[in-house]
Structure formats: C-alpha cells, structure tokens
Amino acid sequence: MQREFERTLLGGERKFTRIEVSERAGISSARAERMWHALGFATVPDDEVAFTDDDVEALRLVAALEDDDFIDPEMESSLARKLGQTQSRLASWQSAMFVEFLGGSKLAADEALEVAGMLLPAMERLQTYVWRRHLAAAAGRAMAGSDEVARGVRAVGFADIVSFTRLTRRLTEAELGQLIERFEGMAADVVALNGGRVIKSIGDEVLFVADTAAQGAAVALALQDAVTAAEDLPELRIGLSYGTILIRLGDVYGEVVNLAARLTSECKPGRVLADRELAAALDGHPDFRLRRLRRVSVRGYHHLTPYALQRPGGQ
C-alpha cells in the first residue's frame, strides 16, 4: 500500500540511483547533487534507487534554462532553493490536510489510494492556475516598471503577534495551528484588499510590501482594525518603513526592511510605528495622522525616530 501511494505521489516508479539520474539528465553528478540540496532534499547514497523519470526531466529542464542563458550559474541554486522552500511549505500543509481528511472519512486503504489519485491532478491544475495568475500580475508590474526589478521604492511592513511565545506554552498544538491559520488568512485578505502584497509569513509574523506610502499605511491600519474586530485574535504590533529595497526572487532586502523590523520590536500592542521617510511621504495626507515620538536606540540604529501612525481623530 505504501509503495503504491508513493508511486501515485511521485508520478512513477523509483528507477535510478543518484549517478544514473545525473547521467540521463546530461549533467555532472556534483551539479545534480547541488540542485537536489538547493531544492531542500537530503543526500541520497550512491547505490540507493531513489529517482524517477520525472526527476530526470526536472534536472534537464533546469539545466536547459542555464544552457539557454535564461539564468546564470549563480542564479540556478537560488532558483532551486526558492522553489524548494515554497513547495515544501505548501506540501506540508497539503499532506496534513489529506491525513486529516483520511482520519475523518475512515476510508479503506484502496479507497484512500483512489482518492489521492483523483485529488492530485485537480490540485496540480489549481496550483498551475494560481501560479499563472500571480505570474501575469507580477509581469504586468514589472513591465510597468513597478515591481520585480533589482531595486524599487516601497513601503515595507511587519505585523507581529504580541506575546506569541507565551501563547505557544498555553495553547495546544491544534489550537496554535488554528490561530496561525486564522492570522495568516486574515492578513492575506486584508493586505490584498488594501493594495499590498504578502512577501512571506513566518508563524507569528507577516512581512508585506506596498507600492506607495499611503497603501502601506492603509494596510497597517486595516490589519489592526481587522484584529480588533475579530476579538479571537491576539493584538498585533506593526512596524512600517518606506524607501528603496532590493527585490530578489520574490523576497525583499535592505535597510528599509531592517527598519520595519526594528520598529515592530519597539511598537506597543495594537499600534503602528512608522519611520521618518514614511512620515514625510504622508505629510499632509488627509487620511492619516503621524505623531512624532521620542528617539529610541535599537540594534543598528542609535537615534531612530519613530512616528505613531493613526487615522485623523485617533488617540
């Protein structure tokens, strides 16, 4: 049963060793192993039959992208690493969902195998559809000169659950999982609705970006409003900064990102702190009020001036 289930998931039988799969793909075993590790998989002994025809084809495809000068050698591992990290998280969630479904449905082994065979094609089509829609949106922004370039001016925000470590000790694993799912779902909806984009979520924290300072401020305040309205979610602290960031393989880097993180650590529960650049960009904006606070000293920034971001009339 386990072997049949594995074959269904892998899309074929394990046929090749590590050396054989690299030979069939037409690349060196060292390069194949480097790509395998970048995708997030453990080292496979030389004599273990662990690979399928799909593994051969995947190696050929990645090698062809480099050979055709679509990606350079340095980018190859980065591309594989990002794909591996993204898909690993998705697969973990999907497998947990499937196991939970099997536990509740009380299906026999052969019935479970049949269900898996039906679900996989549907999930593949859905994932391809979502990927294409996101790709179209990202390509549109790139062609307009507003996204996916080496550098760009953005508002960057961190939304962090207050006292999360304490919650992990108080809640059961199931309750903690439900809390994180609820938080991530709420954050994704609110960020998208207000014109931002979630870059990544890491348990108790969500990193988001927006193309303008006003959009970033709208996202941050809307997140606080949504948590207040929900009542069953813990309070958030949100740090927001504005400026030039490095955009690489779907992630963001630079001093602006660091500033947003530092402001989050200094923020009081239920509040939003912004940096000087975001405050200046919103100066005179009718939808926002910024109040300068005392300078603080944080790691890497000894004279950081935070601004409390509120709506007009807020306390």
# chains A, B, ... in the order shown; residues from 1 in each chain; ligands from 1

call {"tool": "residues_around", "arguments": {"residues": "range 174-181 of chain A", "least_positions_apart": "4", "cutoff": "8 Å", "atoms": "only C-alpha atoms", "output": "list in words"}}
result
Leu167, Thr168, Gly185, Gly203, Asp204 and Leu233 of chain A

call {"tool": "write_last_selection", "arguments": {"atoms": "N, CA, C and O atoms", "output": "tab-separated table (two decimals), in the first residue's frame"}}
result
chain	number	residue	atom	x	y	z
A	167	LEU	N	1.90	32.35	24.16
A	167	LEU	CA	0.76	31.61	23.59
A	167	LEU	C	1.15	30.17	23.26
A	167	LEU	O	0.36	29.24	23.44
A	168	THR	N	2.36	29.97	22.78
A	168	THR	CA	2.80	28.62	22.43
A	168	THR	C	2.84	27.70	23.64
A	168	THR	O	2.68	26.48	23.51
A	185	GLY	N	-4.54	33.85	7.23
A	185	GLY	CA	-5.64	34.05	6.31
A	185	GLY	C	-6.19	35.47	6.37
A	185	GLY	O	-6.43	36.11	5.34
A	203	GLY	N	4.90	32.04	10.90
A	203	GLY	CA	4.22	31.77	12.16
A	203	GLY	C	3.52	32.99	12.71
A	203	GLY	O	2.40	33.32	12.32
A	204	ASP	N	4.20	33.72	13.60
A	204	ASP	CA	3.58	34.85	14.29
A	204	ASP	C	3.82	36.17	13.58
A	204	ASP	O	3.45	37.22	14.11
A	233	LEU	N	-8.44	37.00	18.02
A	233	LEU	CA	-7.04	37.04	17.62
A	233	LEU	C	-6.25	37.92	18.58
A	233	LEU	O	-6.78	38.94	19.06

call {"tool": "residues_around", "arguments": {"residues": "Gly270 in chain A", "least_positions_apart": "4", "cutoff": "7 Å", "atoms": "only C-alpha atoms", "output": "list in words"}}
result
Gln224, Glu235, Leu236 and Arg237 of chain A

call {"tool": "closest_residue", "arguments": {"among": "A:Gly140, A:Gly12, A:Gly152, A:Gly157", "to": "Ile238 in chain A", "atoms": "only C-alpha atoms"}}
result
A:Gly157

call {"tool": "closest_residue", "arguments": {"among": "A:Ala220, A:Ala116, A:Leu282, A:Ala155", "to": "Ala187 in chain A", "atoms": "only C-alpha atoms"}}
result
A:Ala220

call {"tool": "atom_distance", "arguments": {"atom1": "CA of Asp67 in chain A", "atom2": "CA of Arg18 in chain A"}}
result
21.5 Å

call {"tool": "select_by_dssp", "arguments": {"residues": "range 236-311 of chain A", "states": "strand (DSSP E)", "output": "PDB file with all heavy atoms, in the first residue's frame"}}
result
ATOM      1  N   LEU A 236      -1.720  42.925  17.628  1.00  0.00           N
ATOM      2  CA  LEU A 236      -0.574  43.000  16.732  1.00  0.00           C
ATOM      3  C   LEU A 236       0.275  44.212  17.057  1.00  0.00           C
ATOM      4  O   LEU A 236      -0.209  45.226  17.566  1.00  0.00           O
ATOM      5  CB  LEU A 236      -1.031  43.111  15.270  1.00  0.00           C
ATOM      6  CG  LEU A 236      -1.810  41.962  14.658  1.00  0.00           C
ATOM      7  CD1 LEU A 236      -2.124  42.293  13.195  1.00  0.00           C
ATOM      8  CD2 LEU A 236      -1.042  40.651  14.759  1.00  0.00           C
ATOM      9  N   ARG A 237       1.554  44.101  16.732  1.00  0.00           N
ATOM     10  CA  ARG A 237       2.454  45.244  16.674  1.00  0.00           C
ATOM     11  C   ARG A 237       2.896  45.354  15.229  1.00  0.00           C
ATOM     12  O   ARG A 237       3.280  44.347  14.614  1.00  0.00           O
ATOM     13  CB  ARG A 237       3.667  45.033  17.572  1.00  0.00           C
ATOM     14  CG  ARG A 237       3.342  44.842  19.035  1.00  0.00           C
ATOM     15  CD  ARG A 237       4.576  44.569  19.850  1.00  0.00           C
ATOM     16  NE  ARG A 237       5.264  43.376  19.375  1.00  0.00           N
ATOM     17  CZ  ARG A 237       6.423  42.928  19.882  1.00  0.00           C
ATOM     18  NH1 ARG A 237       7.012  43.608  20.836  1.00  0.00           N
ATOM     19  NH2 ARG A 237       6.965  41.827  19.430  1.00  0.00           N
ATOM     20  N   ILE A 238       2.882  46.553  14.663  1.00  0.00           N
ATOM     21  CA  ILE A 238       3.231  46.718  13.255  1.00  0.00           C
ATOM     22  C   ILE A 238       4.253  47.829  13.096  1.00  0.00           C
ATOM     23  O   ILE A 238       4.067  48.945  13.588  1.00  0.00           O
ATOM     24  CB  ILE A 238       1.980  47.037  12.401  1.00  0.00           C
ATOM     25  CG1 ILE A 238       0.949  45.912  12.524  1.00  0.00           C
ATOM     26  CG2 ILE A 238       2.372  47.231  10.939  1.00  0.00           C
ATOM     27  CD1 ILE A 238      -0.335  46.161  11.761  1.00  0.00           C
ATOM     28  N   GLY A 239       5.350  47.502  12.421  1.00  0.00           N
ATOM     29  CA  GLY A 239       6.368  48.478  12.069  1.00  0.00           C
ATOM     30  C   GLY A 239       6.330  48.723  10.573  1.00  0.00           C
ATOM     31  O   GLY A 239       6.189  47.784   9.781  1.00  0.00           O
ATOM     32  N   LEU A 240       6.461  49.983  10.173  1.00  0.00           N
ATOM     33  CA  LEU A 240       6.296  50.361   8.776  1.00  0.00           C
ATOM     34  C   LEU A 240       7.401  51.334   8.382  1.00  0.00           C
ATOM     35  O   LEU A 240       7.677  52.303   9.108  1.00  0.00           O
ATOM     36  CB  LEU A 240       4.928  51.026   8.599  1.00  0.00           C
ATOM     37  CG  LEU A 240       4.297  51.127   7.226  1.00  0.00           C
ATOM     38  CD1 LEU A 240       4.074  49.740   6.622  1.00  0.00           C
ATOM     39  CD2 LEU A 240       2.966  51.860   7.329  1.00  0.00           C
ATOM     40  N   SER A 241       8.045  51.066   7.251  1.00  0.00           N
ATOM     41  CA  SER A 241       9.092  51.963   6.763  1.00  0.00           C
ATOM     42  C   SER A 241       8.934  52.156   5.260  1.00  0.00           C
ATOM     43  O   SER A 241       8.185  51.432   4.603  1.00  0.00           O
ATOM     44  CB  SER A 241      10.481  51.407   7.100  1.00  0.00           C
ATOM     45  OG  SER A 241      10.664  50.137   6.488  1.00  0.00           O
ATOM     46  N   TYR A 242       9.659  53.135   4.727  1.00  0.00           N
ATOM     47  CA  TYR A 242       9.484  53.495   3.315  1.00  0.00           C
ATOM     48  C   TYR A 242      10.827  53.880   2.714  1.00  0.00           C
ATOM     49  O   TYR A 242      11.598  54.631   3.311  1.00  0.00           O
ATOM     50  CB  TYR A 242       8.514  54.669   3.223  1.00  0.00           C
ATOM     51  CG  TYR A 242       8.158  55.094   1.816  1.00  0.00           C
ATOM     52  CD1 TYR A 242       7.438  54.258   0.972  1.00  0.00           C
ATOM     53  CD2 TYR A 242       8.537  56.349   1.340  1.00  0.00           C
ATOM     54  CE1 TYR A 242       7.096  54.652  -0.308  1.00  0.00           C
ATOM     55  CE2 TYR A 242       8.190  56.758   0.060  1.00  0.00           C
ATOM     56  CZ  TYR A 242       7.473  55.901  -0.761  1.00  0.00           C
ATOM     57  OH  TYR A 242       7.137  56.299  -2.039  1.00  0.00           O
ATOM     58  N   GLY A 243      11.102  53.342   1.529  1.00  0.00           N
ATOM     59  CA  GLY A 243      12.351  53.673   0.855  1.00  0.00           C
ATOM     60  C   GLY A 243      12.735  52.617  -0.156  1.00  0.00           C
ATOM     61  O   GLY A 243      11.931  51.769  -0.544  1.00  0.00           O
ATOM     62  N   THR A 244      13.976  52.666  -0.573  1.00  0.00           N
ATOM     63  CA  THR A 244      14.474  51.775  -1.614  1.00  0.00           C
ATOM     64  C   THR A 244      14.850  50.412  -1.038  1.00  0.00           C
ATOM     65  O   THR A 244      15.580  50.337  -0.043  1.00  0.00           O
ATOM     66  CB  THR A 244      15.700  52.388  -2.307  1.00  0.00           C
ATOM     67  OG1 THR A 244      15.332  53.655  -2.866  1.00  0.00           O
ATOM     68  CG2 THR A 244      16.200  51.480  -3.418  1.00  0.00           C
ATOM     69  N   ILE A 245      14.336  49.359  -1.650  1.00  0.00           N
ATOM     70  CA  ILE A 245      14.647  48.000  -1.213  1.00  0.00           C
ATOM     71  C   ILE A 245      15.181  47.201  -2.390  1.00  0.00           C
ATOM     72  O   ILE A 245      14.978  47.555  -3.560  1.00  0.00           O
ATOM     73  CB  ILE A 245      13.399  47.282  -0.644  1.00  0.00           C
ATOM     74  CG1 ILE A 245      12.279  47.222  -1.698  1.00  0.00           C
ATOM     75  CG2 ILE A 245      12.911  47.974   0.617  1.00  0.00           C
ATOM     76  CD1 ILE A 245      11.066  46.423  -1.265  1.00  0.00           C
ATOM     77  N   LEU A 246      15.863  46.131  -2.074  1.00  0.00           N
ATOM     78  CA  LEU A 246      16.304  45.170  -3.082  1.00  0.00           C
ATOM     79  C   LEU A 246      15.249  44.084  -3.192  1.00  0.00           C
ATOM     80  O   LEU A 246      14.824  43.514  -2.180  1.00  0.00           O
ATOM     81  CB  LEU A 246      17.652  44.552  -2.669  1.00  0.00           C
ATOM     82  CG  LEU A 246      18.153  43.389  -3.531  1.00  0.00           C
ATOM     83  CD1 LEU A 246      18.490  43.860  -4.935  1.00  0.00           C
ATOM     84  CD2 LEU A 246      19.376  42.725  -2.892  1.00  0.00           C
ATOM     85  N   ILE A 247      14.793  43.830  -4.400  1.00  0.00           N
ATOM     86  CA  ILE A 247      13.783  42.801  -4.655  1.00  0.00           C
ATOM     87  C   ILE A 247      14.463  41.672  -5.411  1.00  0.00           C
ATOM     88  O   ILE A 247      14.962  41.870  -6.516  1.00  0.00           O
ATOM     89  CB  ILE A 247      12.608  43.356  -5.479  1.00  0.00           C
ATOM     90  CG1 ILE A 247      12.034  44.593  -4.805  1.00  0.00           C
ATOM     91  CG2 ILE A 247      11.540  42.303  -5.687  1.00  0.00           C
ATOM     92  CD1 ILE A 247      11.063  45.372  -5.663  1.00  0.00           C
ATOM     93  N   ARG A 248      14.474  40.484  -4.801  1.00  0.00           N
ATOM     94  CA  ARG A 248      15.188  39.370  -5.417  1.00  0.00           C
ATOM     95  C   ARG A 248      14.448  38.069  -5.172  1.00  0.00           C
ATOM     96  O   ARG A 248      14.202  37.691  -4.038  1.00  0.00           O
ATOM     97  CB  ARG A 248      16.604  39.273  -4.845  1.00  0.00           C
ATOM     98  CG  ARG A 248      17.466  38.186  -5.480  1.00  0.00           C
ATOM     99  CD  ARG A 248      18.896  38.261  -4.949  1.00  0.00           C
ATOM    100  NE  ARG A 248      19.750  37.279  -5.594  1.00  0.00           N
ATOM    101  CZ  ARG A 248      19.884  36.033  -5.186  1.00  0.00           C
ATOM    102  NH1 ARG A 248      19.226  35.618  -4.107  1.00  0.00           N
ATOM    103  NH2 ARG A 248      20.679  35.186  -5.827  1.00  0.00           N
ATOM    104  N   ASP A 251      11.620  37.939  -2.671  1.00  0.00           N
ATOM    105  CA  ASP A 251      11.876  38.395  -1.308  1.00  0.00           C
ATOM    106  C   ASP A 251      12.410  39.811  -1.351  1.00  0.00           C
ATOM    107  O   ASP A 251      12.789  40.324  -2.420  1.00  0.00           O
ATOM    108  CB  ASP A 251      12.862  37.464  -0.606  1.00  0.00           C
ATOM    109  CG  ASP A 251      12.627  37.382   0.890  1.00  0.00           C
ATOM    110  OD1 ASP A 251      11.989  38.300   1.439  1.00  0.00           O
ATOM    111  OD2 ASP A 251      13.065  36.398   1.514  1.00  0.00           O
ATOM    112  N   VAL A 252      12.454  40.475  -0.209  1.00  0.00           N
ATOM    113  CA  VAL A 252      12.914  41.859  -0.147  1.00  0.00           C
ATOM    114  C   VAL A 252      14.007  41.987   0.907  1.00  0.00           C
ATOM    115  O   VAL A 252      13.982  41.317   1.941  1.00  0.00           O
ATOM    116  CB  VAL A 252      11.754  42.825   0.168  1.00  0.00           C
ATOM    117  CG1 VAL A 252      10.770  42.858  -0.991  1.00  0.00           C
ATOM    118  CG2 VAL A 252      11.026  42.440   1.453  1.00  0.00           C
ATOM    119  N   TYR A 253      14.958  42.885   0.629  1.00  0.00           N
ATOM    120  CA  TYR A 253      16.119  43.046   1.491  1.00  0.00           C
ATOM    121  C   TYR A 253      16.485  44.523   1.575  1.00  0.00           C
ATOM    122  O   TYR A 253      16.048  45.336   0.764  1.00  0.00           O
ATOM    123  CB  TYR A 253      17.328  42.271   0.939  1.00  0.00           C
ATOM    124  CG  TYR A 253      17.058  40.826   0.635  1.00  0.00           C
ATOM    125  CD1 TYR A 253      16.576  40.438  -0.618  1.00  0.00           C
ATOM    126  CD2 TYR A 253      17.275  39.839   1.597  1.00  0.00           C
ATOM    127  CE1 TYR A 253      16.333  39.097  -0.901  1.00  0.00           C
ATOM    128  CE2 TYR A 253      17.032  38.508   1.322  1.00  0.00           C
ATOM    129  CZ  TYR A 253      16.561  38.141   0.067  1.00  0.00           C
ATOM    130  OH  TYR A 253      16.309  36.821  -0.205  1.00  0.00           O
ATOM    131  N   VAL A 272       0.744  51.134  15.406  1.00  0.00           N
ATOM    132  CA  VAL A 272       1.581  51.102  14.206  1.00  0.00           C
ATOM    133  C   VAL A 272       2.649  52.180  14.357  1.00  0.00           C
ATOM    134  O   VAL A 272       2.332  53.344  14.634  1.00  0.00           O
ATOM    135  CB  VAL A 272       0.763  51.377  12.923  1.00  0.00           C
ATOM    136  CG1 VAL A 272       1.692  51.359  11.702  1.00  0.00           C
ATOM    137  CG2 VAL A 272      -0.364  50.371  12.764  1.00  0.00           C
ATOM    138  N   LEU A 273       3.904  51.796  14.186  1.00  0.00           N
ATOM    139  CA  LEU A 273       5.006  52.751  14.193  1.00  0.00           C
ATOM    140  C   LEU A 273       5.581  52.868  12.790  1.00  0.00           C
ATOM    141  O   LEU A 273       5.771  51.859  12.099  1.00  0.00           O
ATOM    142  CB  LEU A 273       6.112  52.315  15.159  1.00  0.00           C
ATOM    143  CG  LEU A 273       5.859  52.472  16.654  1.00  0.00           C
ATOM    144  CD1 LEU A 273       7.130  52.122  17.428  1.00  0.00           C
ATOM    145  CD2 LEU A 273       5.412  53.887  16.999  1.00  0.00           C
ATOM    146  N   ALA A 274       5.860  54.104  12.379  1.00  0.00           N
ATOM    147  CA  ALA A 274       6.426  54.364  11.052  1.00  0.00           C
ATOM    148  C   ALA A 274       7.759  55.078  11.200  1.00  0.00           C
ATOM    149  O   ALA A 274       8.038  55.704  12.228  1.00  0.00           O
ATOM    150  CB  ALA A 274       5.463  55.213  10.232  1.00  0.00           C
ATOM    151  N   ARG A 289      -2.711  60.419  10.213  1.00  0.00           N
ATOM    152  CA  ARG A 289      -2.113  61.331  11.176  1.00  0.00           C
ATOM    153  C   ARG A 289      -0.860  60.671  11.729  1.00  0.00           C
ATOM    154  O   ARG A 289      -0.897  59.498  12.129  1.00  0.00           O
ATOM    155  CB  ARG A 289      -3.100  61.626  12.297  1.00  0.00           C
ATOM    156  CG  ARG A 289      -2.507  62.440  13.443  1.00  0.00           C
ATOM    157  CD  ARG A 289      -3.462  62.461  14.613  1.00  0.00           C
ATOM    158  NE  ARG A 289      -2.850  63.026  15.801  1.00  0.00           N
ATOM    159  CZ  ARG A 289      -3.309  62.873  17.020  1.00  0.00           C
ATOM    160  NH1 ARG A 289      -4.394  62.136  17.216  1.00  0.00           N
ATOM    161  NH2 ARG A 289      -2.701  63.419  18.046  1.00  0.00           N
ATOM    162  N   LEU A 290       0.248  61.418  11.763  1.00  0.00           N
ATOM    163  CA  LEU A 290       1.502  60.888  12.290  1.00  0.00           C
ATOM    164  C   LEU A 290       1.995  61.784  13.417  1.00  0.00           C
ATOM    165  O   LEU A 290       2.080  63.006  13.264  1.00  0.00           O
ATOM    166  CB  LEU A 290       2.552  60.788  11.181  1.00  0.00           C
ATOM    167  CG  LEU A 290       2.247  59.653  10.198  1.00  0.00           C
ATOM    168  CD1 LEU A 290       2.182  60.170   8.790  1.00  0.00           C
ATOM    169  CD2 LEU A 290       3.264  58.540  10.333  1.00  0.00           C
ATOM    170  N   ARG A 291       2.309  61.155  14.526  1.00  0.00           N
ATOM    171  CA  ARG A 291       2.763  61.875  15.714  1.00  0.00           C
ATOM    172  C   ARG A 291       4.184  61.445  16.048  1.00  0.00           C
ATOM    173  O   ARG A 291       4.457  60.263  16.264  1.00  0.00           O
ATOM    174  CB  ARG A 291       1.824  61.593  16.884  1.00  0.00           C
ATOM    175  CG  ARG A 291       2.211  62.287  18.183  1.00  0.00           C
ATOM    176  CD  ARG A 291       1.067  62.186  19.196  1.00  0.00           C
ATOM    177  NE  ARG A 291       0.652  60.795  19.373  1.00  0.00           N
ATOM    178  CZ  ARG A 291       1.164  59.976  20.283  1.00  0.00           C
ATOM    179  NH1 ARG A 291       2.133  60.400  21.081  1.00  0.00           N
ATOM    180  NH2 ARG A 291       0.717  58.743  20.400  1.00  0.00           N
ATOM    181  N   ARG A 292       5.074  62.407  16.052  1.00  0.00           N
ATOM    182  CA  ARG A 292       6.483  62.107  16.325  1.00  0.00           C
ATOM    183  C   ARG A 292       6.675  61.707  17.778  1.00  0.00           C
ATOM    184  O   ARG A 292       6.159  62.356  18.693  1.00  0.00           O
ATOM    185  CB  ARG A 292       7.342  63.324  15.995  1.00  0.00           C
ATOM    186  CG  ARG A 292       8.827  63.092  16.208  1.00  0.00           C
ATOM    187  CD  ARG A 292       9.628  64.270  15.698  1.00  0.00           C
ATOM    188  NE  ARG A 292      11.044  64.111  15.994  1.00  0.00           N
ATOM    189  CZ  ARG A 292      12.002  64.906  15.508  1.00  0.00           C
ATOM    190  NH1 ARG A 292      11.661  65.924  14.718  1.00  0.00           N
ATOM    191  NH2 ARG A 292      13.259  64.696  15.809  1.00  0.00           N
ATOM    192  N   VAL A 296      14.598  56.491  19.888  1.00  0.00           N
ATOM    193  CA  VAL A 296      14.922  55.256  20.593  1.00  0.00           C
ATOM    194  C   VAL A 296      16.243  54.711  20.060  1.00  0.00           C
ATOM    195  O   VAL A 296      16.681  55.054  18.961  1.00  0.00           O
ATOM    196  CB  VAL A 296      13.805  54.197  20.419  1.00  0.00           C
ATOM    197  CG1 VAL A 296      12.521  54.677  21.064  1.00  0.00           C
ATOM    198  CG2 VAL A 296      13.593  53.886  18.940  1.00  0.00           C
ATOM    199  N   SER A 297      16.861  53.879  20.848  1.00  0.00           N
ATOM    200  CA  SER A 297      18.098  53.222  20.449  1.00  0.00           C
ATOM    201  C   SER A 297      17.829  51.730  20.323  1.00  0.00           C
ATOM    202  O   SER A 297      17.446  51.069  21.290  1.00  0.00           O
ATOM    203  CB  SER A 297      19.196  53.466  21.488  1.00  0.00           C
ATOM    204  OG  SER A 297      20.401  52.816  21.117  1.00  0.00           O
ATOM    205  N   VAL A 298      17.995  51.216  19.104  1.00  0.00           N
ATOM    206  CA  VAL A 298      17.797  49.796  18.850  1.00  0.00           C
ATOM    207  C   VAL A 298      19.025  49.269  18.136  1.00  0.00           C
ATOM    208  O   VAL A 298      19.898  50.040  17.718  1.00  0.00           O
ATOM    209  CB  VAL A 298      16.535  49.549  17.992  1.00  0.00           C
ATOM    210  CG1 VAL A 298      15.283  50.022  18.717  1.00  0.00           C
ATOM    211  CG2 VAL A 298      16.642  50.250  16.638  1.00  0.00           C
ATOM    212  N   TYR A 301      20.671  51.003  15.130  1.00  0.00           N
ATOM    213  CA  TYR A 301      20.159  52.374  14.968  1.00  0.00           C
ATOM    214  C   TYR A 301      20.092  53.039  16.341  1.00  0.00           C
ATOM    215  O   TYR A 301      19.186  52.774  17.126  1.00  0.00           O
ATOM    216  CB  TYR A 301      18.772  52.357  14.316  1.00  0.00           C
ATOM    217  CG  TYR A 301      18.751  51.655  12.976  1.00  0.00           C
ATOM    218  CD1 TYR A 301      18.425  50.295  12.899  1.00  0.00           C
ATOM    219  CD2 TYR A 301      19.075  52.330  11.804  1.00  0.00           C
ATOM    220  CE1 TYR A 301      18.429  49.636  11.684  1.00  0.00           C
ATOM    221  CE2 TYR A 301      19.070  51.674  10.575  1.00  0.00           C
ATOM    222  CZ  TYR A 301      18.747  50.336  10.527  1.00  0.00           C
ATOM    223  OH  TYR A 301      18.751  49.681   9.324  1.00  0.00           O
ATOM    224  N   HIS A 302      21.040  53.933  16.609  1.00  0.00           N
ATOM    225  CA  HIS A 302      21.113  54.543  17.935  1.00  0.00           C
ATOM    226  C   HIS A 302      20.207  55.767  18.073  1.00  0.00           C
ATOM    227  O   HIS A 302      19.933  56.204  19.185  1.00  0.00           O
ATOM    228  CB  HIS A 302      22.556  54.929  18.245  1.00  0.00           C
ATOM    229  CG  HIS A 302      23.477  53.751  18.311  1.00  0.00           C
ATOM    230  ND1 HIS A 302      23.334  52.744  19.243  1.00  0.00           N
ATOM    231  CD2 HIS A 302      24.546  53.400  17.543  1.00  0.00           C
ATOM    232  CE1 HIS A 302      24.279  51.829  19.060  1.00  0.00           C
ATOM    233  NE2 HIS A 302      25.023  52.208  18.038  1.00  0.00           N
ATOM    234  N   HIS A 303      19.768  56.329  16.955  1.00  0.00           N
ATOM    235  CA  HIS A 303      18.925  57.525  17.017  1.00  0.00           C
ATOM    236  C   HIS A 303      17.751  57.362  16.053  1.00  0.00           C
ATOM    237  O   HIS A 303      17.566  58.156  15.136  1.00  0.00           O
ATOM    238  CB  HIS A 303      19.733  58.778  16.659  1.00  0.00           C
ATOM    239  CG  HIS A 303      20.907  58.999  17.565  1.00  0.00           C
ATOM    240  ND1 HIS A 303      20.775  59.433  18.867  1.00  0.00           N
ATOM    241  CD2 HIS A 303      22.243  58.815  17.357  1.00  0.00           C
ATOM    242  CE1 HIS A 303      21.972  59.530  19.421  1.00  0.00           C
ATOM    243  NE2 HIS A 303      22.879  59.166  18.532  1.00  0.00           N
ATOM    244  N   LEU A 304      16.955  56.348  16.302  1.00  0.00           N
ATOM    245  CA  LEU A 304      15.806  56.066  15.447  1.00  0.00           C
ATOM    246  C   LEU A 304      14.603  56.873  15.928  1.00  0.00           C
ATOM    247  O   LEU A 304      14.220  56.797  17.100  1.00  0.00           O
ATOM    248  CB  LEU A 304      15.482  54.572  15.481  1.00  0.00           C
ATOM    249  CG  LEU A 304      14.262  54.103  14.689  1.00  0.00           C
ATOM    250  CD1 LEU A 304      14.426  54.408  13.210  1.00  0.00           C
ATOM    251  CD2 LEU A 304      14.045  52.595  14.895  1.00  0.00           C
ATOM    252  N   TYR A 307       7.381  57.277  14.470  1.00  0.00           N
ATOM    253  CA  TYR A 307       6.163  58.082  14.380  1.00  0.00           C
ATOM    254  C   TYR A 307       4.969  57.162  14.591  1.00  0.00           C
ATOM    255  O   TYR A 307       4.878  56.092  13.973  1.00  0.00           O
ATOM    256  CB  TYR A 307       6.045  58.756  13.012  1.00  0.00           C
ATOM    257  CG  TYR A 307       7.038  59.864  12.776  1.00  0.00           C
ATOM    258  CD1 TYR A 307       8.378  59.580  12.499  1.00  0.00           C
ATOM    259  CD2 TYR A 307       6.649  61.195  12.836  1.00  0.00           C
ATOM    260  CE1 TYR A 307       9.299  60.592  12.281  1.00  0.00           C
ATOM    261  CE2 TYR A 307       7.565  62.228  12.622  1.00  0.00           C
ATOM    262  CZ  TYR A 307       8.887  61.916  12.337  1.00  0.00           C
ATOM    263  OH  TYR A 307       9.790  62.922  12.124  1.00  0.00           O
ATOM    264  N   ALA A 308       4.053  57.568  15.448  1.00  0.00           N
ATOM    265  CA  ALA A 308       2.829  56.799  15.665  1.00  0.00           C
ATOM    266  C   ALA A 308       1.864  57.104  14.520  1.00  0.00           C
ATOM    267  O   ALA A 308       1.528  58.266  14.280  1.00  0.00           O
ATOM    268  CB  ALA A 308       2.194  57.167  16.993  1.00  0.00           C
ATOM    269  N   LEU A 309       1.462  56.064  13.815  1.00  0.00           N
ATOM    270  CA  LEU A 309       0.551  56.222  12.682  1.00  0.00           C
ATOM    271  C   LEU A 309      -0.874  55.967  13.130  1.00  0.00           C
ATOM    272  O   LEU A 309      -1.179  54.931  13.737  1.00  0.00           O
ATOM    273  CB  LEU A 309       0.930  55.239  11.559  1.00  0.00           C
ATOM    274  CG  LEU A 309      -0.014  55.174  10.363  1.00  0.00           C
ATOM    275  CD1 LEU A 309       0.000  56.495   9.586  1.00  0.00           C
ATOM    276  CD2 LEU A 309       0.370  54.015   9.455  1.00  0.00           C
ATOM    277  N   GLN A 310      -1.764  56.903  12.834  1.00  0.00           N
ATOM    278  CA  GLN A 310      -3.167  56.790  13.211  1.00  0.00           C
ATOM    279  C   GLN A 310      -4.027  57.386  12.111  1.00  0.00           C
ATOM    280  O   GLN A 310      -3.529  58.063  11.195  1.00  0.00           O
ATOM    281  CB  GLN A 310      -3.432  57.551  14.518  1.00  0.00           C
ATOM    282  CG  GLN A 310      -2.627  57.067  15.702  1.00  0.00           C
ATOM    283  CD  GLN A 310      -2.722  58.035  16.871  1.00  0.00           C
ATOM    284  OE1 GLN A 310      -2.653  59.254  16.693  1.00  0.00           O
ATOM    285  NE2 GLN A 310      -2.896  57.500  18.067  1.00  0.00           N
TER     286      GLN A 310
END

call {"tool": "closest_residue", "arguments": {"among": "A:Glu114, A:Asp232, A:Glu124, A:Asp275", "to": "Asn258 in chain A", "atoms": "only C-alpha atoms"}}
result
A:Asp275
